[in-house]
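A.B. asks: Encoded as structure tokens, here's the structure I'll be asking about.
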Amino acid sequence: NLGMLHGLPVSIKENIDIAGMHSTMGLLRHAQSRATRDAVLVRVLRAHGAIPFVKTNLPQTMISFDCSNPLYGITRNPYDLSRTPGGSSGGEAALMASGGSQLGLGTDIGGSVRLPAAFCGVCGFKPTQGRLSGVGVQTVLRGQSGVSMSPGVMARDVAGCELLMKALCSPEMFEMDSSVVPMRLDDAACSAKRRLRVGYFKTEGFFHATPANQRAVAEACDALRRAGHEVVEYPAPDFFEMMSLYYKLVLSDGMDTVMQALDGDDVDPSIWFGYFIYNIPPVVRRLVSGALYYVSRRMTALLGNLKHRSVQELWQLQRRREDDAKEYCSRLRAHRLDGLICPIHAIGAIPSGTCAKITASCCYSALANMYNLPSGVVPVTRATQQDEDELATYQHSDIWGYTTKKLATGMVGLPIGVQCLTPTWRDEDCLYLMKELEASLRA
């Protein structure tokens, strides 16, 4: 019997094991080692007849939404070669946008599937953590479970994302990895026509979205209304508190694990900011962070949270994240919301090598990782000259705001997508919301 992916070529992010190939994560120390076995997801693809045909580039350590490393070099955005395709699954998105792949696998811990999809005008989907196997998927942060990495799928349209999820969420994967939840993708829930109640927000106070991204959300909401869905404004969560907690969890070892991985390696410019902060003496770092609070409160969310934490502190932080996630989903249910529409990023495809200057601009995509929500990206529009003219009124009060305004200049013609989110384990609802949005925009 032919599998549902019979004969289809699928591209694979470089950190996902394929037997006989490298999984270096852009680190020179791994350049001589090769995987001895396929990752579970790759084995499942082969079982369904797919042909993994290429591995794609990523940023060094994957702790970046740029896409370059000393081993393979830089990957550029096919819409503008001076700009990044996003990261960390940037090679996947660039290849798809160039017509070199239709289906692909990536990974996501803060937007690493969805940001590149948005920057390159393709679709990406991050399922609920535990829906897809992570066996054979390499990460520098192995053991860090405060904010877990999730494999995800990418395609040129939503139907491709749904097809991959359907193939992967199958008995083959459940037999190979007992740690995943044995839930097949529900075809009816992905396709059955029904009226949705969808909330939206166009920006929030921690890191304001630029005019192009706010317009994309407005156009997505109009498209859903045309399709007969109810769309209501819904407030964003407290992104300052959420991002402070995100950094506390991910950096709870004081960034020692990442620095050990970089030991003896050339440090790529895309991650220079984290490397620089790590090497500031802790006493100086605390003094600078305290002074920054009065200049830029949000910058302290990063600089002030880079420190070693005790086991007790870490457990308390993890409990807080779990409580926050449950509370957020409860609020969605209390407002009878089936899903949310919001920006995926504060800007869009920024110039290569500059993501370290506005690290926290990924706060919109991190929402799904912090609260373990299924989330997907659908391309909506292109940046216009009017969007650029409206940057004159963009709110900024610190160096991040000034830099955002500068990096958003020159984006005319670049793709702008939006993020679709649904409550935990409602992955099929998220795919249905994405399909409805895509269909209405095309109509």
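Ligands are numbered from 1 in the order shown, chains are lettered A, B, ... in the order of the structure tokens, and residues start at 1 in each chain.
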Env of Leu81 in chain A: 9 Å cut, atoms = only C-alpha atoms, seq-sep filter 4 positions within chain, self excluded. Answer as a PDB file with all heavy atoms, in the first residue's frame.
C.D. replies:
```pdb
ATOM      1  N   THR A  75      22.126  32.258   5.453  1.00  0.00           N
ATOM      2  CA  THR A  75      20.991  32.043   4.560  1.00  0.00           C
ATOM      3  C   THR A  75      20.236  33.360   4.470  1.00  0.00           C
ATOM      4  O   THR A  75      20.004  34.019   5.483  1.00  0.00           O
ATOM      5  CB  THR A  75      20.055  30.950   5.099  1.00  0.00           C
ATOM      6  OG1 THR A  75      20.788  29.725   5.172  1.00  0.00           O
ATOM      7  CG2 THR A  75      18.858  30.760   4.184  1.00  0.00           C
ATOM      8  N   ARG A  76      19.843  33.724   3.243  1.00  0.00           N
ATOM      9  CA  ARG A  76      19.218  35.019   3.010  1.00  0.00           C
ATOM     10  C   ARG A  76      17.750  34.873   2.632  1.00  0.00           C
ATOM     11  O   ARG A  76      17.316  33.821   2.159  1.00  0.00           O
ATOM     12  CB  ARG A  76      19.985  35.780   1.919  1.00  0.00           C
ATOM     13  CG  ARG A  76      21.458  35.992   2.266  1.00  0.00           C
ATOM     14  CD  ARG A  76      22.190  36.787   1.208  1.00  0.00           C
ATOM     15  NE  ARG A  76      23.617  36.883   1.507  1.00  0.00           N
ATOM     16  CZ  ARG A  76      24.155  37.773   2.331  1.00  0.00           C
ATOM     17  NH1 ARG A  76      23.367  38.653   2.949  1.00  0.00           N
ATOM     18  NH2 ARG A  76      25.447  37.800   2.543  1.00  0.00           N
ATOM     19  N   ASN A  77      17.011  35.945   2.823  1.00  0.00           N
ATOM     20  CA  ASN A  77      15.596  35.957   2.480  1.00  0.00           C
ATOM     21  C   ASN A  77      15.443  36.120   0.968  1.00  0.00           C
ATOM     22  O   ASN A  77      15.961  37.087   0.399  1.00  0.00           O
ATOM     23  CB  ASN A  77      14.898  37.118   3.206  1.00  0.00           C
ATOM     24  CG  ASN A  77      13.394  37.036   3.132  1.00  0.00           C
ATOM     25  OD1 ASN A  77      12.821  36.868   2.061  1.00  0.00           O
ATOM     26  ND2 ASN A  77      12.738  37.165   4.267  1.00  0.00           N
ATOM     27  N   PRO A  85      15.874  35.347   6.565  1.00  0.00           N
ATOM     28  CA  PRO A  85      14.659  34.561   6.392  1.00  0.00           C
ATOM     29  C   PRO A  85      14.004  34.213   7.725  1.00  0.00           C
ATOM     30  O   PRO A  85      12.959  33.571   7.765  1.00  0.00           O
ATOM     31  CB  PRO A  85      15.169  33.296   5.705  1.00  0.00           C
ATOM     32  CG  PRO A  85      16.553  33.129   6.244  1.00  0.00           C
ATOM     33  CD  PRO A  85      17.090  34.526   6.412  1.00  0.00           C
ATOM     34  N   PRO A 351      17.005  43.189   8.566  1.00  0.00           N
ATOM     35  CA  PRO A 351      18.301  42.944   7.938  1.00  0.00           C
ATOM     36  C   PRO A 351      19.077  41.832   8.644  1.00  0.00           C
ATOM     37  O   PRO A 351      19.022  41.701   9.873  1.00  0.00           O
ATOM     38  CB  PRO A 351      19.009  44.297   8.077  1.00  0.00           C
ATOM     39  CG  PRO A 351      17.894  45.297   8.107  1.00  0.00           C
ATOM     40  CD  PRO A 351      16.796  44.614   8.878  1.00  0.00           C
ATOM     41  N   SER A 352      19.776  41.027   7.876  1.00  0.00           N
ATOM     42  CA  SER A 352      20.572  39.935   8.442  1.00  0.00           C
ATOM     43  C   SER A 352      21.577  40.474   9.448  1.00  0.00           C
ATOM     44  O   SER A 352      22.176  41.537   9.252  1.00  0.00           O
ATOM     45  CB  SER A 352      21.302  39.187   7.323  1.00  0.00           C
ATOM     46  OG  SER A 352      20.391  38.537   6.474  1.00  0.00           O
TER      47      SER A 352
END
```
A.B. asks: Select from range 73-113 of chain A everything DSSP, run on the backbone, classes as strand (DSSP E or B), then give the selection as a list in words.
C.D. replies: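 Those in range 73-113 of chain A that DSSP calls strand (DSSP E or B) are Gly73, Ile74, Asn77, Asp80, Arg83, Leu103, Gly104, Leu105, Gly106, Thr107 and Asp108 of chain A.
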A.B. asks: Compare A:Leu185, A:Ala167, A:Ile341, A:Ala39 by their minimum atom-to-atom distance to Ala220 in chain A, counting only C-alpha atoms, and give me the closest one.
C.D. replies: A:Ile341
A.B. asks: Hey, what's within 6 Å of range 300-307 of chain A if we count only C-alpha atoms and toss same-chain stuff fewer than 3 positions away? As a VMD selection string, please?
C.D. replies: chain A and resid 244 248 251 254 289 293 297
A.B. asks: Name the residues in contact with Met242 in chain A at a cut-off of 9 Å, using only C-alpha atoms, excluding same-chain residues fewer than 4 positions from it; report them as a list in words.
C.D. replies: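 The filter keeps Pro237, Asp238, Tyr246, Tyr247, Arg321, Asp324, Cys363, Ala366, Leu367 and Met370 of chain A.
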A.B. asks: Let me make sure I understand: among A:Ala50, A:Ala392, A:Ile347, A:Ile16, which one has the smallest atom-to-atom distance to Thr210 in chain A if we use only C-alpha atoms?
C.D. replies: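 Between A:Ala50, A:Ala392, A:Ile347, A:Ile16, the residue approaching Thr210 in chain A most closely is A:Ile347.
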A.B. asks: Near Asp427 in chain A, within 7 Å and counting only C-alpha atoms, which residues show up once chain neighbours fewer than 2 positions away are dropped, as a ChimeraX atom specification?
C.D. replies: /A:127-128,374,425,429-431
A.B. asks: Would you export the selected residues with N, CA, C and O atoms as an mmCIF file, in the first residue's frame, please?
C.D. replies:
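Full text of result.cif as output:
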```cif
data_model
loop_
_atom_site.group_PDB
_atom_site.id
_atom_site.type_symbol
_atom_site.label_atom_id
_atom_site.label_comp_id
_atom_site.auth_asym_id
_atom_site.auth_seq_id
_atom_site.Cartn_x
_atom_site.Cartn_y
_atom_site.Cartn_z
ATOM 1 N N PRO A 127 2.614 22.543 16.939
ATOM 2 C CA PRO A 127 1.544 21.887 17.689
ATOM 3 C C PRO A 127 1.739 22.018 19.192
ATOM 4 O O PRO A 127 2.767 22.520 19.671
ATOM 5 N N THR A 128 0.766 21.577 19.954
ATOM 6 C CA THR A 128 0.908 21.465 21.394
ATOM 7 C C THR A 128 2.117 20.581 21.712
ATOM 8 O O THR A 128 2.331 19.547 21.076
ATOM 9 N N PRO A 374 -1.157 25.530 20.631
ATOM 10 C CA PRO A 374 -0.906 25.302 19.205
ATOM 11 C C PRO A 374 -0.985 26.631 18.468
ATOM 12 O O PRO A 374 -1.836 27.477 18.786
ATOM 13 N N TRP A 425 -4.027 21.608 23.207
ATOM 14 C CA TRP A 425 -4.596 20.368 22.658
ATOM 15 C C TRP A 425 -5.699 20.605 21.622
ATOM 16 O O TRP A 425 -6.260 19.647 21.106
ATOM 17 N N ASP A 429 -8.411 22.648 15.795
ATOM 18 C CA ASP A 429 -9.099 23.933 15.701
ATOM 19 C C ASP A 429 -8.181 25.005 15.124
ATOM 20 O O ASP A 429 -8.620 25.876 14.362
ATOM 21 N N CYS A 430 -6.906 24.949 15.507
ATOM 22 C CA CYS A 430 -5.945 25.922 14.990
ATOM 23 C C CYS A 430 -5.768 25.743 13.477
ATOM 24 O O CYS A 430 -5.759 26.730 12.726
ATOM 25 N N LEU A 431 -5.625 24.510 13.036
ATOM 26 C CA LEU A 431 -5.491 24.255 11.599
ATOM 27 C C LEU A 431 -6.748 24.685 10.847
ATOM 28 O O LEU A 431 -6.668 25.227 9.742
#
```
A.B. asks: Produce a table with one row for each residue of range 320-365 of chain A that has an atom at most 8 Å from any atom of range 266-283 of chain A, each row naming the nearest atom pair and its distance in Å at one decimal; use only C-alpha atoms; arrange rows by chain and rising residue number; format as JSON lines.
C.D. replies:
```
{"residue": "A:Gly353", "atom": "CA", "partner": "A:Ser270", "partner_atom": "CA", "distance": 5.1}
{"residue": "A:Thr354", "atom": "CA", "partner": "A:Ser270", "partner_atom": "CA", "distance": 7.0}
{"residue": "A:Cys355", "atom": "CA", "partner": "A:Ser270", "partner_atom": "CA", "distance": 6.8}
{"residue": "A:Ala356", "atom": "CA", "partner": "A:Phe273", "partner_atom": "CA", "distance": 5.5}
{"residue": "A:Lys357", "atom": "CA", "partner": "A:Phe273", "partner_atom": "CA", "distance": 7.4}
```
A.B. asks: Could you give me the residues within range 131-321 of chain A that DSSP places in helix (DSSP H, G or I), as a PyMOL selection string?
C.D. replies: chain A and resi 158-168+171-176+187-191+211-226+239-250+256-262+269-278+282-295+297-303+311-321
A.B. asks: Rank A:Asp253, A:Ala94, A:Ala155, A:Asp398 by their smallest atom-to-atom distance to Tyr294 in chain A, using only C-alpha atoms, and report the top residue only.
C.D. replies: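 Answer, going by the shortest atom-to-atom distance: A:Asp398.
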A.B. asks: Can you tell me, as a ChimeraX atom specification, what residues are no more than 10 Å from Pro171 in chain A when counting only C-alpha atoms, ignoring any on the same chain fewer than 4 positions away?
C.D. replies: /A:44,167,175-177,182-184
A.B. asks: Contacts of Asp387 in chain A at 10 Å or less, counting only C-alpha atoms, minus same-chain residues fewer than 6 places along, as a list of chain:residue names?
C.D. replies: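 Counting only the stated atoms, we get A:Thr210, A:Pro211, A:Ala212, A:Asn213, A:Gln214, A:Arg215, A:Ala408, A:Thr409, A:Met411, A:Val412.
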A.B. asks: Keeping only C-alpha atoms, write the selected residues as a PDB file, in the first residue's frame.
C.D. replies:
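Result file again-v6.pdb:
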```pdb
ATOM      1  CA  THR A 210       4.796  48.122  13.538  1.00  0.00           C
ATOM      2  CA  PRO A 211       2.024  49.475  11.251  1.00  0.00           C
ATOM      3  CA  ALA A 212       2.384  46.683   8.675  1.00  0.00           C
ATOM      4  CA  ASN A 213       1.848  43.993  11.299  1.00  0.00           C
ATOM      5  CA  GLN A 214      -1.113  45.782  12.843  1.00  0.00           C
ATOM      6  CA  ARG A 215      -2.698  46.200   9.408  1.00  0.00           C
ATOM      7  CA  ALA A 408      11.351  48.361   9.735  1.00  0.00           C
ATOM      8  CA  THR A 409      12.372  50.919   7.120  1.00  0.00           C
ATOM      9  CA  MET A 411      10.399  46.635   3.951  1.00  0.00           C
ATOM     10  CA  VAL A 412       8.034  47.581   1.114  1.00  0.00           C
TER      11      VAL A 412
END
```
